[in-house]
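S.K.: The structure's right below; bear with me while I get my questions together.
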Amino acid sequence: MLLRRLIGLLLTLLAVSLLLFLVMNLLPGDPAAVMLGTSARPDTLAAMREAMGLDRPLPVRFVVWLGGVLTGDFGTSITYGTPVAELIRDRAAVTLPLAGLAILLSILIALPLGLVSAARRGRRADAVAGLFAQLGLALPNFWIGLLLVLVFASELHWLPSGGFPGWSAGLGPALSALVLPTVALALPQAAVLTRVTRAALLDTLAEDFVRTARAKGLTRREALLRHALPNAMVPILTILGLQFSFLVAGAVLVENVFDLPGLGRLVYQALLQRDAVVVQGTVLCFTALVVVVNFLVDLAYLRFDPRLRAAS
Amino acid sequence: MTALDRVRTPRRRSVPKRLVAGAVLTILLVVLALVSLVWTPQPTSGIRILLKLQPPLSSGLLGTDQLGRDVFSLLMAGAANSFAIAAAAVALGGTLGTVTGLLAAIRGGWTETLTMRGCDVLFAFPPILSAMLLGVVLGPGRPTAVVAIAAFMVPVFARVARASGARILALDYILAARCAGKGAARIAAEHVLPNIAGDLLVQATLQLGLAILAEAGLSFLGLGPTPPAPSWGRMLADARTYVQLAPWLAIAPGAAVALAVLGLNLLGDGLRDRFDPRLRGRT
């Protein structure tokens, strides 16, 4: 099962890179002309196209690009003039901590809320958690970002309204620049997770083993935490993995609200500037991250569900 | 009423509260959107620079923007824009996805494997990113926004249609229909589609909410409909410049997006409760 999943993962990534390459290279516009400007002479333009490898047929260019990617060479950006791998590494230093913190925060919000909601089903606490989930699903994360800036930066002056000082400025300033973006990114995720946690817990609470646990003298709380929660982890993890794709998409918007120099802003600006190599490299990294995270989630199932372990 | 009467009278099945709340909210916004096509309190295109950045209630219900345009009128017109794009995207993505999913369920074998793996590949692209890519390839504008959002919906509907369709196709009456000599297309249209319509409707309602969020996001990034067409997302993007001077400009359009999505989500949840009693009270 694992091997088949792994092969599926590689095939998906291959298909994604082919699709991405085709879209970016069928775009109208000539990268060489973008680099040299409109006043470039035809022979310099031709020389530039040759130097960039644009004169070669499309399949050859794809193989060359993919070969480069496999050895860690993503090509050179036409707007920045630096290797794309370097750009991605620098920007990932902002996006990965942001995404990680947002996942952590959303779990910290959603697990307790989901637990309380399932334990007090139909009571006031359940209704409050339900309201939070409905609102979290409906509010656009970039709007949450704007509101947070309005309150915590413009009015209260507690936190910076945007920008990133870099990790070299010290942990304090760097982290304080990430607080508001993290909250904006985490709230919609927390809403989804709260609902899933509640539903998964209600499912497992109805199972026989929970009744058995209660019958042997465990309190409701003990049965919930020791028996229901671990069994509810499979659906919770699945959604966490599937939501990762939305988290990455959210990062693109949130980074733009807060002017954070992350991968999302990089890909957005590269798209506007038609910097195909940067777009290809960055989007491929994004999708690879999404696919790998979902693969890891599959692995984590085995840890949480002994029945699946036996099946494989 | 005696105790016996109480037992005998069957309790009327109550309509879920969120179904009502969602329907009311959605209908209200759709009506505002439709009205905006013929009338708005103030014209949305006229620039009145002397009235710029007026706070709410001093000029119009929700104040004016940086060009002196009435914010409430812009929101009404923005609703028409959002709902039109979302509905078109869900219609397009829903139709393509349903046909693909049903084809996979009926044909099985390689067709099924290939289409479902194709869906996996499309799913691997983060949603806004694929829309951004298409937005740049096709150039900004309404048709682009529709296609970009629909592209993300296709795999969603394909999965729902395949899963629900496969369940129906395994039933005895399908075998009976086959024995009666009906072809795959007629079976799909006459027996499968009507039976999975409920699932698809619930999905479509929930996807409408997501489409409105996606349209707002695309417009916020400048990849939605081009100005002067009013759009909630672009109003939010413009508001960033005036956040300290005129906070209402940042609050009103976001609240409009949130209300629209909230209404559609409540409606979708309520419909699911109605169609699938197993899930009642679960979500």
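Every chain in the structure tokens takes a letter, A first, then B, and so on in the order presented; its residues are numbered from 1, and the ligands are numbered from 1 following the presented order.
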What's the 9 Å shell around Val257 of chain B, counting only C-alpha atoms, without same-chain residues fewer than 6 positions away, as a PyMOL selection string?
M.R.: (chain A and resi 138-140) or (chain B and resi 79+82+212-213+216+232-233)
S.K.: With N, CA, C and O atoms retained, could you export that selection as a CSV table (one decimal), in the first residue's frame?
M.R.:
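Output saved as selection17.csv:
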```
chain,number,residue,atom,x,y,z
A,138,ALA,N,-17.1,31.8,7.2
A,138,ALA,CA,-17.7,32.8,6.3
A,138,ALA,C,-16.8,34.0,6.1
A,138,ALA,O,-16.8,34.6,5.1
A,139,LEU,N,-15.9,34.2,7.1
A,139,LEU,CA,-15.1,35.4,7.0
A,139,LEU,C,-13.9,35.2,6.1
A,139,LEU,O,-13.1,34.2,6.3
A,140,PRO,N,-13.6,36.0,5.1
A,140,PRO,CA,-12.5,35.9,4.3
A,140,PRO,C,-11.2,36.2,5.1
A,140,PRO,O,-11.2,37.1,5.9
B,79,ALA,N,-22.8,43.0,-4.9
B,79,ALA,CA,-23.6,41.7,-4.7
B,79,ALA,C,-24.0,41.1,-6.0
B,79,ALA,O,-23.8,39.9,-6.2
B,82,SER,N,-20.8,39.5,-7.4
B,82,SER,CA,-20.4,38.3,-6.7
B,82,SER,C,-21.3,37.2,-7.0
B,82,SER,O,-20.8,36.1,-7.4
B,212,ILE,N,-17.9,32.6,-3.8
B,212,ILE,CA,-18.0,34.0,-3.4
B,212,ILE,C,-16.7,34.4,-2.7
B,212,ILE,O,-16.1,35.5,-3.0
B,213,LEU,N,-16.2,33.6,-1.8
B,213,LEU,CA,-14.9,33.8,-1.1
B,213,LEU,C,-13.8,33.9,-2.1
B,213,LEU,O,-12.9,34.8,-2.1
B,216,ALA,N,-13.9,37.1,-4.2
B,216,ALA,CA,-13.5,38.2,-3.4
B,216,ALA,C,-11.9,38.2,-3.3
B,216,ALA,O,-11.3,39.3,-3.4
B,232,TRP,N,-16.7,43.4,-4.4
B,232,TRP,CA,-16.4,43.5,-3.0
B,232,TRP,C,-14.9,43.4,-2.7
B,232,TRP,O,-14.4,44.0,-1.9
B,233,GLY,N,-14.3,42.4,-3.4
B,233,GLY,CA,-12.9,42.2,-3.2
B,233,GLY,C,-12.0,43.4,-3.5
B,233,GLY,O,-11.1,43.7,-2.8
```
S.K.: Taking only C-alpha atoms into account, report as a count of residues only which residues of chain B lie within 9 Å of chain A.
M.R.: 50
S.K.: For Asp65 of chain B, please output as JSON, numbers by chain all residues within 7 Å (counting only C-alpha atoms; exclusion window: fewer than 5 positions along the same chain).
M.R.: {"B": [52, 53, 70, 71, 249]}
